[in-house]
$ cat data39.cif   # mmCIF, C-alpha atoms and all ligand atoms; chains and numbers go by the auth columns
data_target
#
loop_
_atom_site.group_PDB
_atom_site.id
_atom_site.type_symbol
_atom_site.label_atom_id
_atom_site.label_comp_id
_atom_site.label_asym_id
_atom_site.label_seq_id
_atom_site.Cartn_x
_atom_site.Cartn_y
_atom_site.Cartn_z
_atom_site.B_iso_or_equiv
_atom_site.auth_seq_id
_atom_site.auth_asym_id
ATOM 1 C CA MET A 1 -5.355 -17.733 3.032 0.00 1 C
ATOM 2 C CA GLY A 2 -7.973 -16.449 5.464 0.00 2 C
ATOM 3 C CA LEU A 3 -6.966 -13.794 7.962 0.00 3 C
ATOM 4 C CA ASN A 4 -7.251 -14.518 11.645 0.00 4 C
ATOM 5 C CA GLU A 5 -8.917 -12.079 14.000 0.00 5 C
ATOM 6 C CA GLU A 6 -5.657 -11.083 15.657 0.00 6 C
ATOM 7 C CA THR A 7 -4.128 -10.107 12.305 0.00 7 C
ATOM 8 C CA ILE A 8 -7.226 -8.128 11.304 0.00 8 C
ATOM 9 C CA LYS A 9 -7.207 -6.234 14.603 0.00 9 C
ATOM 10 C CA SER A 10 -3.531 -5.384 14.360 0.00 10 C
ATOM 11 C CA LEU A 11 -3.907 -4.163 10.756 0.00 11 C
ATOM 12 C CA ALA A 12 -6.909 -2.079 11.825 0.00 12 C
ATOM 13 C CA GLN A 13 -4.903 -0.514 14.654 0.00 13 C
ATOM 14 C CA LYS A 14 -1.936 0.195 12.360 0.00 14 C
ATOM 15 C CA ALA A 15 -4.256 1.940 9.861 0.00 15 C
ATOM 16 C CA ILE A 16 -5.651 4.065 12.701 0.00 16 C
ATOM 17 C CA ASP A 17 -2.129 4.903 13.897 0.00 17 C
ATOM 18 C CA MET A 18 -1.052 5.891 10.373 0.00 18 C
ATOM 19 C CA ARG A 19 -3.641 8.675 10.469 0.00 19 C
ATOM 20 C CA ASN A 20 -1.170 10.534 12.677 0.00 20 C
ATOM 21 C CA PHE A 21 1.097 11.019 9.651 0.00 21 C
ATOM 22 C CA SER A 22 -1.681 12.212 7.338 0.00 22 C
ATOM 23 C CA TYR A 23 -0.746 15.417 5.511 0.00 23 C
ATOM 24 C CA SER A 24 -4.212 16.818 4.927 0.00 24 C
ATOM 25 C CA PRO A 25 -4.223 20.592 5.494 0.00 25 C
ATOM 26 C CA TYR A 26 -6.908 21.092 2.809 0.00 26 C
ATOM 27 C CA SER A 27 -9.550 18.464 3.551 0.00 27 C
ATOM 28 C CA HIS A 28 -8.656 17.951 7.228 0.00 28 C
ATOM 29 C CA PHE A 29 -9.690 14.349 6.552 0.00 29 C
ATOM 30 C CA ARG A 30 -7.087 11.954 7.891 0.00 30 C
ATOM 31 C CA VAL A 31 -6.736 8.523 6.317 0.00 31 C
ATOM 32 C CA GLY A 32 -4.373 5.726 7.293 0.00 32 C
ATOM 33 C CA ALA A 33 -3.765 2.373 5.655 0.00 33 C
ATOM 34 C CA ALA A 34 -1.913 -0.814 6.578 0.00 34 C
ATOM 35 C CA LEU A 35 -1.066 -3.185 3.745 0.00 35 C
ATOM 36 C CA LEU A 36 -0.158 -6.789 4.567 0.00 36 C
ATOM 37 C CA ALA A 37 2.140 -8.372 1.989 0.00 37 C
ATOM 38 C CA LYS A 38 2.296 -12.124 1.488 0.00 38 C
ATOM 39 C CA ASN A 39 5.869 -12.037 2.821 0.00 39 C
ATOM 40 C CA GLY A 40 4.471 -10.911 6.193 0.00 40 C
ATOM 41 C CA GLU A 41 5.648 -7.291 5.947 0.00 41 C
ATOM 42 C CA VAL A 42 3.163 -4.534 6.734 0.00 42 C
ATOM 43 C CA TYR A 43 3.429 -1.269 4.797 0.00 43 C
ATOM 44 C CA GLY A 44 1.803 1.792 6.307 0.00 44 C
ATOM 45 C CA GLY A 45 0.395 4.676 4.297 0.00 45 C
ATOM 46 C CA CYS A 46 -1.384 7.974 4.802 0.00 46 C
ATOM 47 C CA ASN A 47 -3.035 10.497 2.529 0.00 47 C
ATOM 48 C CA ILE A 48 -0.706 13.217 1.280 0.00 48 C
ATOM 49 C CA GLU A 49 -2.414 16.307 -0.094 0.00 49 C
ATOM 50 C CA ASN A 50 -1.108 19.109 -2.278 0.00 50 C
ATOM 51 C CA SER A 51 -2.047 22.770 -2.712 0.00 51 C
ATOM 52 C CA ALA A 52 -2.728 22.022 -6.387 0.00 52 C
ATOM 53 C CA TYR A 53 -5.123 19.268 -5.225 0.00 53 C
ATOM 54 C CA GLY A 54 -4.528 16.987 -8.272 0.00 54 C
ATOM 55 C CA PRO A 55 -1.182 15.585 -7.083 0.00 55 C
ATOM 56 C CA SER A 56 -2.732 14.435 -3.791 0.00 56 C
ATOM 57 C CA ASN A 57 -2.353 10.762 -2.966 0.00 57 C
ATOM 58 C CA CYS A 58 -4.654 8.496 -0.990 0.00 58 C
ATOM 59 C CA ALA A 59 -3.431 6.466 1.987 0.00 59 C
ATOM 60 C CA GLU A 60 -4.040 3.169 0.204 0.00 60 C
ATOM 61 C CA ARG A 61 -1.948 4.097 -2.819 0.00 61 C
ATOM 62 C CA THR A 62 0.814 5.455 -0.608 0.00 62 C
ATOM 63 C CA ALA A 63 1.058 2.048 1.084 0.00 63 C
ATOM 64 C CA ILE A 64 0.841 0.080 -2.172 0.00 64 C
ATOM 65 C CA PHE A 65 3.415 2.252 -3.942 0.00 65 C
ATOM 66 C CA LYS A 66 5.784 2.017 -0.998 0.00 66 C
ATOM 67 C CA ALA A 67 5.680 -1.776 -1.245 0.00 67 C
ATOM 68 C CA VAL A 68 5.885 -1.974 -5.044 0.00 68 C
ATOM 69 C CA SER A 69 8.806 0.461 -5.063 0.00 69 C
ATOM 70 C CA GLU A 70 10.668 -2.015 -2.860 0.00 70 C
ATOM 71 C CA GLY A 71 9.940 -4.948 -5.165 0.00 71 C
ATOM 72 C CA VAL A 72 7.001 -6.342 -3.185 0.00 72 C
ATOM 73 C CA THR A 73 3.905 -6.973 -5.310 0.00 73 C
ATOM 74 C CA ASP A 74 2.039 -9.861 -3.624 0.00 74 C
ATOM 75 C CA PHE A 75 -0.548 -8.742 -1.121 0.00 75 C
ATOM 76 C CA GLU A 76 -2.933 -10.353 1.332 0.00 76 C
ATOM 77 C CA ALA A 77 -5.017 -7.510 2.756 0.00 77 C
ATOM 78 C CA ILE A 78 -5.291 -3.806 3.450 0.00 78 C
ATOM 79 C CA ALA A 79 -6.888 -2.037 6.398 0.00 79 C
ATOM 80 C CA ILE A 80 -8.197 1.508 5.974 0.00 80 C
ATOM 81 C CA ALA A 81 -9.243 4.037 8.605 0.00 81 C
ATOM 82 C CA GLY A 82 -10.396 7.541 7.768 0.00 82 C
ATOM 83 C CA GLY A 83 -12.235 10.463 9.239 0.00 83 C
ATOM 84 C CA PRO A 84 -11.968 14.080 10.287 0.00 84 C
ATOM 85 C CA GLU A 85 -9.147 15.267 12.540 0.00 85 C
ATOM 86 C CA GLU A 86 -11.403 14.996 15.612 0.00 86 C
ATOM 87 C CA GLY A 87 -11.822 11.250 15.120 0.00 87 C
ATOM 88 C CA ILE A 88 -13.234 8.421 13.063 0.00 88 C
ATOM 89 C CA ARG A 89 -17.003 8.620 12.714 0.00 89 C
ATOM 90 C CA ASP A 90 -17.685 6.142 9.948 0.00 90 C
ATOM 91 C CA PHE A 91 -16.204 3.391 7.803 0.00 91 C
ATOM 92 C CA CYS A 92 -13.996 4.839 5.061 0.00 92 C
ATOM 93 C CA ALA A 93 -14.158 2.908 1.788 0.00 93 C
ATOM 94 C CA PRO A 94 -11.384 3.146 -0.811 0.00 94 C
ATOM 95 C CA CYS A 95 -11.931 5.478 -3.764 0.00 95 C
ATOM 96 C CA GLY A 96 -12.300 4.140 -7.296 0.00 96 C
ATOM 97 C CA VAL A 97 -8.728 4.976 -8.274 0.00 97 C
ATOM 98 C CA CYS A 98 -7.355 3.015 -5.304 0.00 98 C
ATOM 99 C CA ARG A 99 -9.584 0.033 -6.110 0.00 99 C
ATOM 100 C CA GLN A 100 -8.188 0.059 -9.651 0.00 100 C
ATOM 101 C CA VAL A 101 -4.609 0.161 -8.329 0.00 101 C
ATOM 102 C CA MET A 102 -5.425 -2.747 -6.001 0.00 102 C
ATOM 103 C CA ILE A 103 -6.675 -4.886 -8.878 0.00 103 C
ATOM 104 C CA GLU A 104 -3.411 -4.341 -10.736 0.00 104 C
ATOM 105 C CA PHE A 105 -1.620 -6.359 -8.065 0.00 105 C
ATOM 106 C CA CYS A 106 -4.197 -8.390 -6.147 0.00 106 C
ATOM 107 C CA ARG A 107 -6.457 -11.328 -6.847 0.00 107 C
ATOM 108 C CA PRO A 108 -9.963 -9.880 -6.506 0.00 108 C
ATOM 109 C CA GLU A 109 -11.519 -12.971 -4.905 0.00 109 C
ATOM 110 C CA GLU A 110 -8.743 -13.274 -2.311 0.00 110 C
ATOM 111 C CA PHE A 111 -7.540 -9.788 -1.422 0.00 111 C
ATOM 112 C CA MET A 112 -9.254 -8.599 1.765 0.00 112 C
ATOM 113 C CA ILE A 113 -10.196 -4.970 2.421 0.00 113 C
ATOM 114 C CA ILE A 114 -10.742 -4.132 6.072 0.00 114 C
ATOM 115 C CA LEU A 115 -12.644 -0.935 6.833 0.00 115 C
ATOM 116 C CA ALA A 116 -11.883 -0.015 10.429 0.00 116 C
ATOM 117 C CA LYS A 117 -13.511 2.347 12.877 0.00 117 C
ATOM 118 C CA SER A 118 -11.438 0.867 15.695 0.00 118 C
ATOM 119 C CA SER A 119 -9.527 -2.351 16.274 0.00 119 C
ATOM 120 C CA GLU A 120 -12.792 -3.826 17.541 0.00 120 C
ATOM 121 C CA GLU A 121 -15.183 -2.382 14.986 0.00 121 C
ATOM 122 C CA TYR A 122 -14.473 -3.247 11.367 0.00 122 C
ATOM 123 C CA LYS A 123 -15.975 -4.693 8.199 0.00 123 C
ATOM 124 C CA VAL A 124 -14.178 -7.062 5.844 0.00 124 C
ATOM 125 C CA TYR A 125 -14.768 -7.262 2.082 0.00 125 C
ATOM 126 C CA THR A 126 -13.005 -8.883 -0.837 0.00 126 C
ATOM 127 C CA LEU A 127 -11.755 -6.673 -3.654 0.00 127 C
ATOM 128 C CA ALA A 128 -14.197 -8.507 -5.960 0.00 128 C
ATOM 129 C CA GLU A 129 -17.059 -7.256 -3.803 0.00 129 C
ATOM 130 C CA LEU A 130 -15.865 -3.653 -3.946 0.00 130 C
ATOM 131 C CA LEU A 131 -14.866 -3.687 -7.619 0.00 131 C
ATOM 132 C CA PRO A 132 -17.250 -5.902 -9.603 0.00 132 C
ATOM 133 C CA LEU A 133 -17.023 -6.128 -13.395 0.00 133 C
ATOM 134 C CA SER A 134 -13.476 -4.820 -13.260 0.00 134 C
ATOM 135 C CA PHE A 135 -11.079 -3.990 -16.051 0.00 135 C
ATOM 136 C CA SER A 136 -7.580 -5.344 -15.465 0.00 136 C
ATOM 137 C CA ALA A 137 -4.544 -6.942 -17.123 0.00 137 C
ATOM 138 C CA LYS A 138 -6.597 -10.033 -18.009 0.00 138 C
ATOM 139 C CA ASP A 139 -8.663 -7.906 -20.408 0.00 139 C
ATOM 140 C CA ILE A 140 -5.774 -6.744 -22.560 0.00 140 C
ATOM 141 C CA GLN A 141 -3.930 -10.029 -22.926 0.00 141 C
HETATM 142 N N1 LIG B . -8.732 9.615 0.879 0.00 1 X
HETATM 143 C C1 LIG B . -7.908 8.548 1.113 0.00 1 X
HETATM 144 O O1 LIG B . -6.717 8.723 1.434 0.00 1 X
HETATM 145 N N2 LIG B . -8.418 7.320 0.991 0.00 1 X
HETATM 146 C C2 LIG B . -9.725 7.039 0.771 0.00 1 X
HETATM 147 O O2 LIG B . -10.100 5.887 0.754 0.00 1 X
HETATM 148 C C3 LIG B . -10.676 8.136 0.562 0.00 1 X
HETATM 149 C C4 LIG B . -10.096 9.496 0.473 0.00 1 X
HETATM 150 C C5 LIG B . -8.189 10.962 1.077 0.00 1 X
HETATM 151 C C6 LIG B . -8.008 11.809 -0.150 0.00 1 X
HETATM 152 C C7 LIG B . -8.027 13.193 0.424 0.00 1 X
HETATM 153 O O3 LIG B . -6.727 13.500 0.915 0.00 1 X
HETATM 154 C C8 LIG B . -8.956 13.085 1.623 0.00 1 X
HETATM 155 O O4 LIG B . -9.050 11.697 1.920 0.00 1 X
HETATM 156 C C9 LIG B . -10.339 13.668 1.385 0.00 1 X
HETATM 157 O O5 LIG B . -10.892 13.162 0.229 0.00 1 X
#

$ encode --input "data39.cif" --output "structure tokens"
Amino acid sequence: MGLNEETIKSLAQKAIDMRNFSYSPYSHFRVGAALLAKNGEVYGGCNIENSAYGPSNCAERTAIFKAVSEGVTDFEAIAIAGGPEEGIRDFCAPCGVCRQVMIEFCRPEEFMIILAKSSEEYKVYTLAELLPLSFSAKDIQ
């Protein structure tokens, strides 16, 4: 299913709004995510850092794990917005770990990744574009 412009804009805005909840006292880099499930629900996420650094969690994985922990595993798209506390300067792409978590649950050719600077300025990719030559469940069956 393709996403219409209105849906993309509202996911972009939700990702931007989720930056307000970012717990990032170490990097001061606030990231928000908005994950659209196939059931129509939108799960928000933010990055959550830790003084030991390693246990920190990205915004994207926060959103995905929230959904999966409630039994929801079918996803349409995710919007991501990140930047310093002062504001978003650039597009924020998902890290490698988050891309790998996405491919666990999403069809790479269909799942859309929206990188948002604002609700008007965004770029849309498929997961296949951002994670080519991937390793996933299909490889160990
Ligand atoms: N971060 C995310 O939450 N998502 C991304 O896509 C990139 C990085 C977080 C991790 C860390 O809390 C901060 O941004 C700086 O790396």

$ closest_atom_pairs --input "data39.cif" --of "chain C" --to "ligand LIG 1 (chain X)" --cutoff "6 Å" --atoms "only C-alpha atoms and all ligand atoms" --output "CSV"
residue,atom,partner,partner_atom,distance
C:Ser24,CA,X:LIG1,O3,5.8
C:Ser27,CA,X:LIG1,C9,5.3
C:Phe29,CA,X:LIG1,C8,5.1
C:Val31,CA,X:LIG1,O1,4.9
C:Asn47,CA,X:LIG1,O1,4.2
C:Glu49,CA,X:LIG1,O3,5.2
C:Cys58,CA,X:LIG1,O1,3.2
C:Ala59,CA,X:LIG1,O1,4.0
C:Cys92,CA,X:LIG1,O2,5.9
C:Ala93,CA,X:LIG1,O2,5.1
C:Pro94,CA,X:LIG1,O2,3.4
C:Cys95,CA,X:LIG1,O2,4.9

$ atom_distance --input "data39.cif" --atom1 "atom CA of C:Glu60" --atom2 "atom CA of C:Val124"
15.5 Å

$ atom_distance --input "data39.cif" --atom1 "atom CA of C:Gly32" --atom2 "atom CA of C:Ala81"
5.3 Å

$ residues_around --input "data39.cif" --residues "C:Asn4" --least-positions-apart "4" --cutoff "12 Å" --atoms "all atoms listed in the file" --output "JSON, numbers by chain"
{"C": [8, 9, 10, 11, 76, 77, 112, 124]}

$ closest_residue --input "data39.cif" --among "C:Phe105, C:Phe135, C:Tyr125, C:Phe91" --to "C:Ile16" --atoms "only C-alpha atoms"
C:Phe91

$ atom_distance --input "data39.cif" --atom1 "atom CA of C:Ile48" --atom2 "atom CA of C:Tyr23"
4.8 Å

$ residues_around --input "data39.cif" --residues "C:Arg99" --least-positions-apart "4" --cutoff "12 Å" --atoms "all atoms listed in the file" --output "PyMOL selection string"
chain C and resi 58+60-61+64+78+93-95+103-108+111-113+126-132+134-136

$ residues_around --input "data39.cif" --residues "C:Ser119" --least-positions-apart "2" --cutoff "6 Å" --atoms "only C-alpha atoms" --output "PyMOL selection string"
chain C and resi 9+12-13+121

$ residues_around --input "data39.cif" --residues "C:Arg30" --least-positions-apart "2" --cutoff "6 Å" --atoms "only C-alpha atoms" --output "ChimeraX atom specification"
/C:19,22,82-84

$ closest_residue --input "data39.cif" --among "C:Lys38, C:Met102, C:Ile80, C:Gln141" --to "C:Phe65" --atoms "only C-alpha atoms"
C:Met102

$ closest_residue --input "data39.cif" --among "C:Ala52, C:Tyr43, C:Lys123, C:Lys138" --to "C:Ser69" --atoms "all atoms listed in the file"
C:Tyr43

$ closest_residue --input "data39.cif" --among "C:Glu110, C:Glu41, C:Asp74, C:Glu120" --to "C:Glu6" --atoms "only C-alpha atoms"
C:Glu120

$ closest_residue --input "data39.cif" --among "C:Leu3, C:Ala116, C:Ala79, C:Ala37" --to "C:Ala67" --atoms "only C-alpha atoms"
C:Ala37

$ residues_around --input "data39.cif" --residues "C:Met18" --least-positions-apart "3" --cutoff "8 Å" --atoms "all atoms listed in the file" --output "PyMOL selection string"
chain C and resi 14-15+21-22+31-34+44-46

$ write_last_selection --input "data39.cif" --atoms "C-alpha atoms" --output "PDB file, in the frame of the given file"
ATOM      1  CA  LYS C  14      -1.936   0.195  12.360  1.00  0.00           C
ATOM      2  CA  ALA C  15      -4.256   1.940   9.861  1.00  0.00           C
ATOM      3  CA  PHE C  21       1.097  11.019   9.651  1.00  0.00           C
ATOM      4  CA  SER C  22      -1.681  12.212   7.338  1.00  0.00           C
ATOM      5  CA  VAL C  31      -6.736   8.523   6.317  1.00  0.00           C
ATOM      6  CA  GLY C  32      -4.373   5.726   7.293  1.00  0.00           C
ATOM      7  CA  ALA C  33      -3.765   2.373   5.655  1.00  0.00           C
ATOM      8  CA  ALA C  34      -1.913  -0.814   6.578  1.00  0.00           C
ATOM      9  CA  GLY C  44       1.803   1.792   6.307  1.00  0.00           C
ATOM     10  CA  GLY C  45       0.395   4.676   4.297  1.00  0.00           C
ATOM     11  CA  CYS C  46      -1.384   7.974   4.802  1.00  0.00           C
TER      12      CYS C  46
END

$ closest_residue --input "data39.cif" --among "C:Lys117, C:Ala137, C:Glu109, C:Pro25" --to "C:Asn50" --atoms "all atoms listed in the file"
C:Pro25

$ build_atoms --input "data39.cif" --residues "stretch 38-49 of chain C" --atoms "all heavy atoms" --output "compact mmCIF listing (two decimals), in the coordinates of the input"
# COMPACT_ATOMS: atom_id res chain seq x y z
N LYS C 38 2.26 -10.67 1.27
CA LYS C 38 2.30 -12.12 1.49
C LYS C 38 3.58 -12.56 2.18
O LYS C 38 3.63 -13.62 2.78
CB LYS C 38 2.11 -12.86 0.16
CG LYS C 38 0.68 -12.73 -0.33
CD LYS C 38 0.30 -13.72 -1.40
CE LYS C 38 -1.19 -13.55 -1.68
NZ LYS C 38 -1.65 -14.27 -2.85
N ASN C 39 4.62 -11.70 2.12
CA ASN C 39 5.87 -12.04 2.82
C ASN C 39 5.81 -11.70 4.32
O ASN C 39 6.80 -11.83 5.02
CB ASN C 39 7.07 -11.33 2.16
CG ASN C 39 6.99 -9.81 2.31
OD1 ASN C 39 6.14 -9.28 3.01
ND2 ASN C 39 7.88 -9.10 1.63
N GLY C 40 4.65 -11.21 4.77
CA GLY C 40 4.47 -10.91 6.19
C GLY C 40 4.74 -9.46 6.57
O GLY C 40 4.39 -9.03 7.66
N GLU C 41 5.36 -8.71 5.66
CA GLU C 41 5.65 -7.29 5.95
C GLU C 41 4.36 -6.48 5.91
O GLU C 41 3.45 -6.76 5.13
CB GLU C 41 6.60 -6.71 4.88
CG GLU C 41 8.03 -7.15 5.00
CD GLU C 41 8.72 -6.54 6.23
OE1 GLU C 41 8.55 -5.34 6.49
OE2 GLU C 41 9.43 -7.30 6.91
N VAL C 42 4.30 -5.45 6.76
CA VAL C 42 3.16 -4.53 6.73
C VAL C 42 3.67 -3.15 6.33
O VAL C 42 4.61 -2.62 6.92
CB VAL C 42 2.46 -4.46 8.10
CG1 VAL C 42 1.33 -3.43 8.08
CG2 VAL C 42 1.91 -5.84 8.49
N TYR C 43 3.06 -2.60 5.30
CA TYR C 43 3.43 -1.27 4.80
C TYR C 43 2.34 -0.27 5.20
O TYR C 43 1.17 -0.45 4.86
CB TYR C 43 3.57 -1.29 3.27
CG TYR C 43 4.71 -2.17 2.82
CD1 TYR C 43 4.52 -3.53 2.65
CD2 TYR C 43 5.98 -1.64 2.62
CE1 TYR C 43 5.57 -4.36 2.27
CE2 TYR C 43 7.04 -2.45 2.24
CZ TYR C 43 6.83 -3.81 2.08
OH TYR C 43 7.87 -4.63 1.71
N GLY C 44 2.76 0.76 5.91
CA GLY C 44 1.80 1.79 6.31
C GLY C 44 1.71 2.86 5.24
O GLY C 44 2.64 3.07 4.45
N GLY C 45 0.56 3.55 5.22
CA GLY C 45 0.40 4.68 4.30
C GLY C 45 -0.56 5.70 4.88
O GLY C 45 -1.35 5.39 5.78
N CYS C 46 -0.44 6.93 4.40
CA CYS C 46 -1.38 7.97 4.80
C CYS C 46 -1.69 8.82 3.58
O CYS C 46 -0.97 8.75 2.57
CB CYS C 46 -0.79 8.84 5.91
SG CYS C 46 0.67 9.74 5.39
N ASN C 47 -2.77 9.60 3.66
CA ASN C 47 -3.04 10.50 2.53
C ASN C 47 -2.09 11.68 2.59
O ASN C 47 -1.73 12.17 3.66
CB ASN C 47 -4.51 10.91 2.47
CG ASN C 47 -5.03 11.57 3.72
OD1 ASN C 47 -4.58 11.30 4.82
ND2 ASN C 47 -5.99 12.46 3.55
N ILE C 48 -1.67 12.12 1.41
CA ILE C 48 -0.71 13.22 1.28
C ILE C 48 -1.28 14.21 0.28
O ILE C 48 -1.35 13.91 -0.92
CB ILE C 48 0.67 12.69 0.79
CG1 ILE C 48 1.19 11.59 1.73
CG2 ILE C 48 1.67 13.84 0.68
CD1 ILE C 48 2.38 10.82 1.20
N GLU C 49 -1.74 15.34 0.78
CA GLU C 49 -2.41 16.31 -0.09
C GLU C 49 -1.43 17.33 -0.66
O GLU C 49 -0.26 17.38 -0.27
CB GLU C 49 -3.55 16.97 0.68
CG GLU C 49 -4.60 15.94 1.08
CD GLU C 49 -5.80 16.53 1.79
OE1 GLU C 49 -5.77 17.72 2.20
OE2 GLU C 49 -6.79 15.79 1.93
